file structure-v4.txt (compact mmCIF, C-alpha atoms (C1' of nucleotides))
# COMPACT_ATOMS: atom_id res chain seq x y z
CA MET M 1 -18.18 156.36 191.75
CA PRO M 2 -14.60 155.96 192.92
CA GLU M 3 -13.04 159.12 194.23
CA VAL M 4 -9.65 157.85 193.14
CA VAL M 5 -9.14 157.46 189.41
CA PRO M 6 -7.88 153.94 188.84
CA GLN M 7 -6.52 154.28 185.30
CA ALA M 8 -3.12 155.60 186.32
CA LEU M 9 -2.89 153.12 189.18
CA GLU M 10 -3.20 150.28 186.71
CA GLN M 11 0.12 151.24 185.15
CA VAL M 12 1.82 151.58 188.50
CA ALA M 13 0.42 148.20 189.50
CA ASP M 14 1.73 146.66 186.29
CA TYR M 15 5.17 148.00 187.03
CA PHE M 16 5.11 146.53 190.52
CA LYS M 17 3.87 143.27 189.04
CA VAL M 18 7.02 143.02 186.97
CA LEU M 19 9.01 143.23 190.19
CA SER M 20 6.77 140.82 192.07
CA GLU M 21 8.52 137.67 190.96
CA ALA M 22 11.64 136.40 192.68
CA SER M 23 13.00 135.01 189.41
CA ARG M 24 12.89 138.42 187.77
CA LEU M 25 14.52 140.02 190.81
CA GLN M 26 17.23 137.39 190.49
CA VAL M 27 17.80 138.42 186.89
CA ILE M 28 17.91 142.08 187.89
CA CYS M 29 20.35 141.39 190.71
CA CYS M 30 22.68 139.34 188.56
CA LEU M 31 22.80 142.24 186.11
CA LYS M 32 23.80 144.67 188.84
CA SER M 33 27.45 143.85 188.25
CA GLY M 34 27.12 144.60 184.56
CA SER M 35 25.91 143.42 181.19
CA LYS M 36 25.36 139.68 180.64
CA ASN M 37 24.11 137.50 177.82
CA VAL M 38 21.26 135.03 178.20
CA THR M 39 23.47 132.03 178.84
CA GLU M 40 25.34 133.85 181.59
CA ILE M 41 22.06 134.90 183.16
CA MET M 42 20.86 131.31 183.02
CA THR M 43 23.85 129.98 184.91
CA ALA M 44 23.82 132.89 187.37
CA THR M 45 20.16 132.41 188.24
CA ASP M 46 19.74 128.66 187.69
CA LEU M 47 16.64 129.29 185.60
CA GLY M 48 15.63 127.49 182.41
CA GLN M 49 16.42 129.02 179.04
CA ALA M 50 12.86 129.60 177.91
CA ASN M 51 12.02 130.98 181.30
CA VAL M 52 14.89 133.44 181.29
CA SER M 53 13.97 134.53 177.80
CA LYS M 54 10.42 135.21 178.87
CA HIS M 55 11.45 137.16 181.95
CA LEU M 56 13.91 139.20 179.92
CA LYS M 57 11.18 140.08 177.49
CA ILE M 58 8.95 141.27 180.32
CA LEU M 59 11.78 143.26 181.91
CA THR M 60 12.66 144.80 178.55
CA GLN M 61 9.08 145.79 177.82
CA ALA M 62 8.92 147.42 181.24
CA GLY M 63 12.02 149.43 180.38
CA ILE M 64 13.96 147.92 183.25
CA VAL M 65 16.61 146.22 181.13
CA SER M 66 17.81 146.89 177.61
CA ARG M 67 18.66 144.43 174.87
CA HIS M 68 21.96 144.47 172.96
CA PRO M 69 22.44 141.70 170.38
CA SER M 70 26.06 140.94 169.69
CA GLY M 71 26.82 138.23 167.18
CA VAL M 72 24.93 135.10 168.06
CA SER M 73 24.28 136.07 171.63
CA VAL M 74 22.20 138.82 173.17
CA TYR M 75 23.41 140.95 176.04
CA TYR M 76 21.13 142.57 178.55
CA LYS M 77 21.86 145.34 181.01
CA ILE M 78 20.01 147.39 183.56
CA ALA M 79 18.39 150.29 181.75
CA ASP M 80 16.95 151.92 184.83
CA PRO M 81 19.02 151.79 188.03
CA ILE M 82 16.10 153.25 189.94
CA ILE M 83 15.13 149.63 190.45
CA PHE M 84 17.78 149.28 193.08
CA ASN M 85 16.36 152.24 195.00
CA LEU M 86 12.99 150.55 194.96
CA CYS M 87 14.41 147.28 196.21
CA GLU M 88 16.39 149.05 198.91
CA LEU M 89 13.31 150.86 200.15
CA VAL M 90 11.44 147.59 200.38
CA CYS M 91 14.35 145.83 202.04
CA ASP M 92 14.56 148.58 204.64
CA ARG M 93 10.88 148.19 205.40
CA LEU M 94 11.17 144.43 205.69
CA VAL M 95 14.11 144.77 208.05
CA ALA M 96 12.30 147.37 210.13
CA ARG M 97 9.28 145.11 210.31
CA LEU M 98 11.35 142.14 211.42
CA GLU M 99 12.95 144.28 214.09
CA THR M 100 9.68 145.42 215.58
CA GLN M 101 8.44 141.85 215.47
CA SER M 102 11.47 140.61 217.36
CA GLN M 103 11.04 143.42 219.89
CA GLN M 104 7.47 142.33 220.44
CA LEU M 105 8.66 138.79 220.92
CA ASP M 106 11.20 139.99 223.46
CA ARG M 107 8.51 141.84 225.37
CA LEU M 108 6.30 138.79 225.31
CA GLU M 109 9.14 136.65 226.56
CA ALA M 110 9.91 139.14 229.37
CA TRP M 111 6.27 139.12 230.41
CA ARG M 112 6.16 135.32 230.39
CA ASN M 113 9.19 135.17 232.69
CA SER M 114 7.94 137.79 235.15
CA MET X 1 24.10 127.00 191.34
CA PRO X 2 22.71 130.49 191.42
CA GLU X 3 25.19 133.17 192.34
CA VAL X 4 22.39 135.26 193.78
CA VAL X 5 20.64 133.84 196.83
CA PRO X 6 16.94 133.83 196.06
CA GLN X 7 15.50 133.43 199.59
CA ALA X 8 15.63 137.11 200.44
CA LEU X 9 14.36 138.08 197.02
CA GLU X 10 11.24 136.03 197.63
CA GLN X 11 10.22 138.37 200.44
CA VAL X 12 10.92 141.46 198.38
CA ALA X 13 8.91 139.97 195.55
CA ASP X 14 6.03 139.25 197.91
CA TYR X 15 6.04 142.85 199.03
CA PHE X 16 5.94 144.08 195.45
CA LYS X 17 3.17 141.60 194.76
CA VAL X 18 1.02 143.29 197.38
CA LEU X 19 1.46 146.54 195.46
CA SER X 20 0.91 144.94 192.07
CA GLU X 21 -2.86 145.22 192.09
CA ALA X 22 -4.63 148.40 191.10
CA SER X 23 -7.43 147.75 193.56
CA ARG X 24 -5.02 147.66 196.46
CA LEU X 25 -3.31 150.82 195.25
CA GLN X 26 -6.74 152.41 195.16
CA VAL X 27 -7.26 151.47 198.78
CA ILE X 28 -3.86 152.85 199.69
CA CYS X 29 -4.51 156.08 197.83
CA CYS X 30 -7.90 156.65 199.41
CA LEU X 31 -6.28 156.26 202.83
CA LYS X 32 -3.70 158.91 202.03
CA SER X 33 -6.06 161.61 203.30
CA GLY X 34 -6.50 159.80 206.60
CA SER X 35 -8.12 156.91 208.43
CA LYS X 36 -11.27 155.35 206.94
CA ASN X 37 -13.57 152.48 207.83
CA VAL X 38 -14.40 149.66 205.45
CA THR X 39 -17.65 151.17 204.23
CA GLU X 40 -15.96 154.45 203.44
CA ILE X 41 -13.21 152.60 201.59
CA MET X 42 -15.83 150.69 199.63
CA THR X 43 -17.56 153.85 198.41
CA ALA X 44 -14.27 155.60 197.74
CA THR X 45 -12.92 152.75 195.63
CA ASP X 46 -16.12 151.29 194.21
CA LEU X 47 -15.03 147.81 195.20
CA GLY X 48 -17.21 145.05 196.66
CA GLN X 49 -17.32 144.50 200.40
CA ALA X 50 -15.74 141.06 200.47
CA ASN X 51 -13.13 142.23 198.05
CA VAL X 52 -12.18 145.26 200.14
CA SER X 53 -12.04 143.11 203.22
CA LYS X 54 -9.68 140.70 201.53
CA HIS X 55 -7.42 143.44 200.22
CA LEU X 56 -7.32 145.08 203.63
CA LYS X 57 -6.26 141.81 205.17
CA ILE X 58 -3.43 141.47 202.69
CA LEU X 59 -2.33 145.08 203.21
CA THR X 60 -2.46 144.64 206.98
CA GLN X 61 -0.42 141.46 206.89
CA ALA X 62 2.14 143.26 204.78
CA GLY X 63 2.35 145.98 207.41
CA ILE X 64 1.21 148.63 204.98
CA VAL X 65 -2.00 149.55 206.78
CA SER X 66 -3.06 149.10 210.38
CA ARG X 67 -6.42 148.02 211.80
CA HIS X 68 -8.34 149.96 214.43
CA PRO X 69 -11.75 148.56 215.42
CA SER X 70 -14.10 151.17 216.80
CA GLY X 71 -17.51 150.05 217.79
CA VAL X 72 -19.15 148.11 215.04
CA SER X 73 -16.88 149.44 212.33
CA VAL X 74 -13.18 148.99 211.69
CA TYR X 75 -10.92 151.83 210.71
CA TYR X 76 -7.79 151.40 208.66
CA LYS X 77 -4.91 153.80 208.17
CA ILE X 78 -1.59 153.85 206.43
CA ALA X 79 0.95 152.26 208.74
CA ASP X 80 3.93 152.81 206.50
CA PRO X 81 4.05 156.05 204.47
CA ILE X 82 7.10 154.76 202.63
CA ILE X 83 4.54 153.35 200.22
CA PHE X 84 4.04 156.76 198.74
CA ASN X 85 7.76 157.10 198.08
CA LEU X 86 7.66 153.79 196.24
CA CYS X 87 4.70 154.86 194.14
CA GLU X 88 6.29 158.22 193.39
CA LEU X 89 9.48 156.56 192.22
CA VAL X 90 7.51 154.32 189.90
CA CYS X 91 5.37 157.19 188.65
CA ASP X 92 8.49 159.21 187.87
CA ARG X 93 9.87 156.32 185.86
CA LEU X 94 6.65 155.86 183.97
CA VAL X 95 6.51 159.55 183.15
CA ALA X 96 10.14 159.54 182.07
CA ARG X 97 9.45 156.54 179.88
CA LEU X 98 6.47 158.18 178.27
CA GLU X 99 8.53 161.29 177.60
CA THR X 100 11.32 159.43 175.84
CA GLN X 101 8.72 157.53 173.86
CA SER X 102 7.06 160.74 172.72
CA GLN X 103 10.46 162.20 171.85
CA GLN X 104 11.15 159.16 169.70
CA LEU X 105 7.79 159.61 168.05
CA ASP X 106 8.63 163.25 167.40
CA ARG X 107 11.93 162.27 165.82
CA LEU X 108 10.19 159.66 163.71
CA GLU X 109 7.64 162.24 162.62
CA ALA X 110 10.38 164.73 161.76
CA TRP X 111 12.17 162.11 159.70
CA ARG X 112 8.96 161.18 157.91
CA ASN X 113 8.37 164.84 156.96
CA SER X 114 11.94 165.49 155.80
C1' DT P 1 24.88 124.79 151.44
C1' DT P 2 25.27 122.24 156.09
C1' DA P 3 26.12 122.15 160.85
C1' DC P 4 26.20 124.29 165.22
C1' DT P 5 25.24 127.59 168.89
C1' DG P 6 22.46 130.96 171.24
C1' DT P 7 18.02 132.97 171.68
C1' DA P 8 13.06 133.38 171.00
C1' DT P 9 8.58 131.50 170.61
C1' DC P 10 4.87 128.04 170.95
C1' DA P 11 1.87 124.83 173.39
C1' DC P 12 0.76 123.05 177.50
C1' DT P 13 0.13 122.26 182.64
C1' DA P 14 -0.31 123.64 187.17
C1' DT P 15 -0.91 127.07 190.33
C1' DA P 16 -2.25 131.50 192.27
C1' DC P 17 -5.42 134.83 192.94
C1' DA P 18 -9.07 138.67 192.05
C1' DG P 19 -13.80 139.10 192.24
C1' DT P 20 -18.36 137.65 193.98
C1' DA P 21 -22.43 135.76 196.46
C1' DA P 22 -23.67 133.60 200.48
C1' DT P 23 -22.85 132.88 205.11
C1' DA P 24 -20.74 133.67 209.57
C1' DT P 25 -19.18 136.72 213.10
C1' DT P 26 -18.94 140.72 215.82
C1' DT P 27 -20.74 144.88 218.01
C1' DG P 28 -24.20 148.11 219.51
C1' DC P 29 -28.85 149.02 220.56
C1' DT P 30 -33.52 148.32 222.53
C1' DA J 1 -32.58 138.04 224.71
C1' DG J 2 -33.39 139.63 219.86
C1' DC J 3 -32.42 142.61 215.98
C1' DA J 4 -29.73 145.31 212.78
C1' DA J 5 -25.53 147.08 210.78
C1' DA J 6 -20.55 146.50 209.76
C1' DT J 7 -17.00 143.43 208.86
C1' DA J 8 -14.89 138.86 208.05
C1' DT J 9 -14.81 134.40 206.02
C1' DT J 10 -16.02 130.63 202.91
C1' DA J 11 -16.70 128.47 198.49
C1' DC J 12 -16.53 129.03 193.96
C1' DT J 13 -15.37 130.71 189.07
C1' DG J 14 -12.66 132.73 185.71
C1' DT J 15 -8.37 134.48 184.33
C1' DA J 16 -3.46 135.28 184.34
C1' DT J 17 0.96 133.51 184.38
C1' DA J 18 5.34 130.85 185.90
C1' DG J 19 7.71 127.00 184.41
C1' DT J 20 8.90 123.52 180.83
C1' DG J 21 9.86 120.79 176.58
C1' DA J 22 9.72 121.10 171.79
C1' DT J 23 10.39 123.78 168.06
C1' DA J 24 11.58 127.79 165.27
C1' DC J 25 14.66 131.38 164.19
C1' DA J 26 18.68 133.89 163.97
C1' DG J 27 23.86 134.35 163.23
C1' DT J 28 28.53 132.14 162.52
C1' DA J 29 31.85 129.02 160.79
C1' DA J 30 33.22 125.12 157.91
call {"tool": "encode", "arguments": {"input": "structure-v4.txt", "output": "structure tokens"}}
result
Amino acid sequence: MPEVVPQALEQVADYFKVLSEASRLQVICCLKSGSKNVTEIMTATDLGQANVSKHLKILTQAGIVSRHPSGVSVYYKIADPIIFNLCELVCDRLVARLETQSQQLDRLEAWRNS
Amino acid sequence: MPEVVPQALEQVADYFKVLSEASRLQVICCLKSGSKNVTEIMTATDLGQANVSKHLKILTQAGIVSRHPSGVSVYYKIADPIIFNLCELVCDRLVARLETQSQQLDRLEAWRNS
DNA sequence: TTACTGTATCACTATACAGTAATATTTGCT
DNA sequence: AGCAAATATTACTGTATAGTGATACAGTAA
């Protein structure tokens, strides 16, 4: 019997899964500056039309972006700016990790030259 | 040409991908109380041995947990508590989302009964 | 209506990966 | 050395999904 109930974790995992694709992060980033329609997102991200549409559906279902049809085109915008906090946290960790790695390399180098 | 450079996003996406599996979140959660060896993690999470081993490798490579062999067994511990901040942020969003959904249901119900 | 544009969906392929059983490796003990 | 327990690795299967081309479905203008 697992001590940790996994039901709730499934939902958290699903949320992270939405963010675990570079293409979707591209879409999110290109919406940081404001609302865009699908065509604009396509050119900004260099992704195919069907692909963008699919990613936007996933992001919308996750509540990360919101959909705003306007005439023949559909505009999307960030519905939940918390995303950027998440990305920043991860970026900080990645940077910190790279720094410690380079420090270790430096120490190794110093030892090799001693 | 994409306006947003995707190279860096790939690494962020990879980090999120590590967190996008409920089993790995289980492992992380069961290590919140402190260091555990593989067998203890297995019983706490109800996952198979090979599976746990694989997840621990992935978590270690991501710098999320650290490995500490001790005799015949190997202990793992959280190497980067920032994880819990990430999970909390996501949990908050999920809760907020559920609340707005239930509010919408309430409004729908009220309209139906009016 | 017809034509056109923008968006969504369908069908398909290729790839990635979680889970598992079997095997290998490591460590401690006698 | 030989044995046993804990962990790691390998090989494999099944499933999920990113990307794509073709097609369907709006919504607008003539």
call {"tool": "residues_around", "arguments": {"input": "structure-v4.txt", "residues": "Val72 in chain M", "least_positions_apart": "2", "cutoff": "8 Å", "atoms": "only C-alpha atoms (C1' of nucleotides)", "output": "list in words"}}
result
Pro69, Ser70 and Val74 of chain M; DT5 and DG6 of chain P; DA26, DG27 and DT28 of chain J
call {"tool": "residues_around", "arguments": {"input": "structure-v4.txt", "residues": "range 18-27 of chain P", "least_positions_apart": "5", "cutoff": "12 Å", "atoms": "all atoms listed in the file", "output": "ChimeraX atom specification"}}
result
/X:20-24,47-55,69-74 /J:4-16
call {"tool": "atom_distance", "arguments": {"input": "structure-v4.txt", "atom1": "CA of Val65 in chain M", "atom2": "CA of Asp14 in chain X"}}
result
21.0 Å
call {"tool": "residues_around", "arguments": {"input": "structure-v4.txt", "residues": "DC12 in chain P", "least_positions_apart": "4", "cutoff": "12 Å", "atoms": "all atoms listed in the file", "output": "PyMOL selection string"}}
result
chain J and resi 19-22
call {"tool": "calpha_fit_and_write", "arguments": {"input": "structure-v4.txt", "fixed": "chain M", "moving": "chain X", "output": "mmCIF file with C-alpha atoms, in the coordinates of the input"}}
result
data_model
loop_
_atom_site.group_PDB
_atom_site.id
_atom_site.type_symbol
_atom_site.label_atom_id
_atom_site.label_comp_id
_atom_site.auth_asym_id
_atom_site.auth_seq_id
_atom_site.Cartn_x
_atom_site.Cartn_y
_atom_site.Cartn_z
ATOM 1 C CA MET X 1 -18.175 156.329 191.860
ATOM 2 C CA PRO X 2 -14.604 155.956 192.968
ATOM 3 C CA GLU X 3 -13.005 159.106 194.273
ATOM 4 C CA VAL X 4 -9.623 157.848 193.149
ATOM 5 C CA VAL X 5 -9.141 157.458 189.407
ATOM 6 C CA PRO X 6 -7.916 153.931 188.826
ATOM 7 C CA GLN X 7 -6.530 154.258 185.267
ATOM 8 C CA ALA X 8 -3.155 155.587 186.328
ATOM 9 C CA LEU X 9 -2.930 153.120 189.176
ATOM 10 C CA GLU X 10 -3.234 150.277 186.698
ATOM 11 C CA GLN X 11 0.094 151.239 185.147
ATOM 12 C CA VAL X 12 1.786 151.565 188.510
ATOM 13 C CA ALA X 13 0.394 148.192 189.484
ATOM 14 C CA ASP X 14 1.703 146.669 186.267
ATOM 15 C CA TYR X 15 5.146 148.003 187.029
ATOM 16 C CA PHE X 16 5.071 146.521 190.512
ATOM 17 C CA LYS X 17 3.835 143.275 189.017
ATOM 18 C CA VAL X 18 6.999 143.036 186.949
ATOM 19 C CA LEU X 19 8.978 143.241 190.187
ATOM 20 C CA SER X 20 6.723 140.830 192.047
ATOM 21 C CA GLU X 21 8.482 137.676 190.929
ATOM 22 C CA ALA X 22 11.591 136.409 192.647
ATOM 23 C CA SER X 23 12.960 135.017 189.407
ATOM 24 C CA ARG X 24 12.862 138.413 187.769
ATOM 25 C CA LEU X 25 14.486 140.016 190.797
ATOM 26 C CA GLN X 26 17.194 137.394 190.491
ATOM 27 C CA VAL X 27 17.779 138.430 186.907
ATOM 28 C CA ILE X 28 17.893 142.072 187.914
ATOM 29 C CA CYS X 29 20.312 141.368 190.737
ATOM 30 C CA CYS X 30 22.675 139.332 188.596
ATOM 31 C CA LEU X 31 22.807 142.228 186.133
ATOM 32 C CA LYS X 32 23.779 144.654 188.870
ATOM 33 C CA SER X 33 27.451 143.830 188.314
ATOM 34 C CA GLY X 34 27.155 144.590 184.613
ATOM 35 C CA SER X 35 25.928 143.414 181.232
ATOM 36 C CA LYS X 36 25.370 139.675 180.699
ATOM 37 C CA ASN X 37 24.127 137.482 177.877
ATOM 38 C CA VAL X 38 21.270 135.031 178.246
ATOM 39 C CA THR X 39 23.468 132.017 178.891
ATOM 40 C CA GLU X 40 25.340 133.826 181.623
ATOM 41 C CA ILE X 41 22.050 134.903 183.179
ATOM 42 C CA MET X 42 20.827 131.319 183.043
ATOM 43 C CA THR X 43 23.828 129.975 184.954
ATOM 44 C CA ALA X 44 23.787 132.867 187.397
ATOM 45 C CA THR X 45 20.118 132.401 188.243
ATOM 46 C CA ASP X 46 19.689 128.674 187.683
ATOM 47 C CA LEU X 47 16.596 129.293 185.602
ATOM 48 C CA GLY X 48 15.584 127.493 182.402
ATOM 49 C CA GLN X 49 16.377 129.023 179.036
ATOM 50 C CA ALA X 50 12.822 129.640 177.890
ATOM 51 C CA ASN X 51 11.987 131.004 181.278
ATOM 52 C CA VAL X 52 14.881 133.469 181.284
ATOM 53 C CA SER X 53 13.989 134.547 177.796
ATOM 54 C CA LYS X 54 10.428 135.240 178.832
ATOM 55 C CA HIS X 55 11.439 137.173 181.926
ATOM 56 C CA LEU X 56 13.915 139.217 179.921
ATOM 57 C CA LYS X 57 11.193 140.114 177.476
ATOM 58 C CA ILE X 58 8.958 141.301 180.281
ATOM 59 C CA LEU X 59 11.776 143.291 181.897
ATOM 60 C CA THR X 60 12.681 144.842 178.551
ATOM 61 C CA GLN X 61 9.112 145.836 177.808
ATOM 62 C CA ALA X 62 8.937 147.443 181.219
ATOM 63 C CA GLY X 63 12.039 149.457 180.395
ATOM 64 C CA ILE X 64 13.972 147.939 183.255
ATOM 65 C CA VAL X 65 16.634 146.238 181.156
ATOM 66 C CA SER X 66 17.849 146.911 177.640
ATOM 67 C CA ARG X 67 18.735 144.458 174.871
ATOM 68 C CA HIS X 68 22.024 144.476 172.986
ATOM 69 C CA PRO X 69 22.517 141.709 170.405
ATOM 70 C CA SER X 70 26.144 140.924 169.720
ATOM 71 C CA GLY X 71 26.876 138.219 167.269
ATOM 72 C CA VAL X 72 24.977 135.099 168.088
ATOM 73 C CA SER X 73 24.320 136.072 171.678
ATOM 74 C CA VAL X 74 22.242 138.839 173.204
ATOM 75 C CA TYR X 75 23.447 140.949 176.073
ATOM 76 C CA TYR X 76 21.154 142.574 178.580
ATOM 77 C CA LYS X 77 21.893 145.345 181.044
ATOM 78 C CA ILE X 78 20.036 147.385 183.583
ATOM 79 C CA ALA X 79 18.410 150.282 181.773
ATOM 80 C CA ASP X 80 16.954 151.908 184.845
ATOM 81 C CA PRO X 81 19.017 151.786 188.064
ATOM 82 C CA ILE X 82 16.089 153.249 189.972
ATOM 83 C CA ILE X 83 15.123 149.618 190.458
ATOM 84 C CA PHE X 84 17.760 149.260 193.101
ATOM 85 C CA ASN X 85 16.343 152.211 195.019
ATOM 86 C CA LEU X 86 12.950 150.528 194.954
ATOM 87 C CA CYS X 87 14.369 147.253 196.212
ATOM 88 C CA GLU X 88 16.362 149.013 198.915
ATOM 89 C CA LEU X 89 13.280 150.826 200.145
ATOM 90 C CA VAL X 90 11.396 147.557 200.364
ATOM 91 C CA CYS X 91 14.304 145.783 202.030
ATOM 92 C CA ASP X 92 14.526 148.539 204.633
ATOM 93 C CA ARG X 93 10.843 148.136 205.389
ATOM 94 C CA LEU X 94 11.125 144.396 205.675
ATOM 95 C CA VAL X 95 14.072 144.717 208.024
ATOM 96 C CA ALA X 96 12.255 147.316 210.094
ATOM 97 C CA ARG X 97 9.250 145.034 210.269
ATOM 98 C CA LEU X 98 11.324 142.098 211.383
ATOM 99 C CA GLU X 99 12.941 144.242 214.058
ATOM 100 C CA THR X 100 9.656 145.392 215.549
ATOM 101 C CA GLN X 101 8.427 141.819 215.440
ATOM 102 C CA SER X 102 11.468 140.582 217.332
ATOM 103 C CA GLN X 103 11.070 143.411 219.839
ATOM 104 C CA GLN X 104 7.490 142.319 220.414
ATOM 105 C CA LEU X 105 8.685 138.774 220.882
ATOM 106 C CA ASP X 106 11.252 140.002 223.388
ATOM 107 C CA ARG X 107 8.574 141.869 225.309
ATOM 108 C CA LEU X 108 6.349 138.812 225.257
ATOM 109 C CA GLU X 109 9.225 136.697 226.522
ATOM 110 C CA ALA X 110 9.977 139.196 229.286
ATOM 111 C CA TRP X 111 6.344 139.181 230.343
ATOM 112 C CA ARG X 112 6.252 135.391 230.331
ATOM 113 C CA ASN X 113 9.312 135.259 232.626
ATOM 114 C CA SER X 114 8.057 137.917 235.050
#
call {"tool": "atom_distance", "arguments": {"input": "structure-v4.txt", "atom1": "CA of Cys91 in chain X", "atom2": "CA of Val18 in chain M"}}
result
14.4 Å
call {"tool": "residues_around", "arguments": {"input": "structure-v4.txt", "residues": "Asp80 in chain X", "least_positions_apart": "2", "cutoff": "9 Å", "atoms": "only C-alpha atoms (C1' of nucleotides)", "output": "PyMOL selection string"}}
result
(chain M and resi 93) or (chain X and resi 63-66+78+82-84)
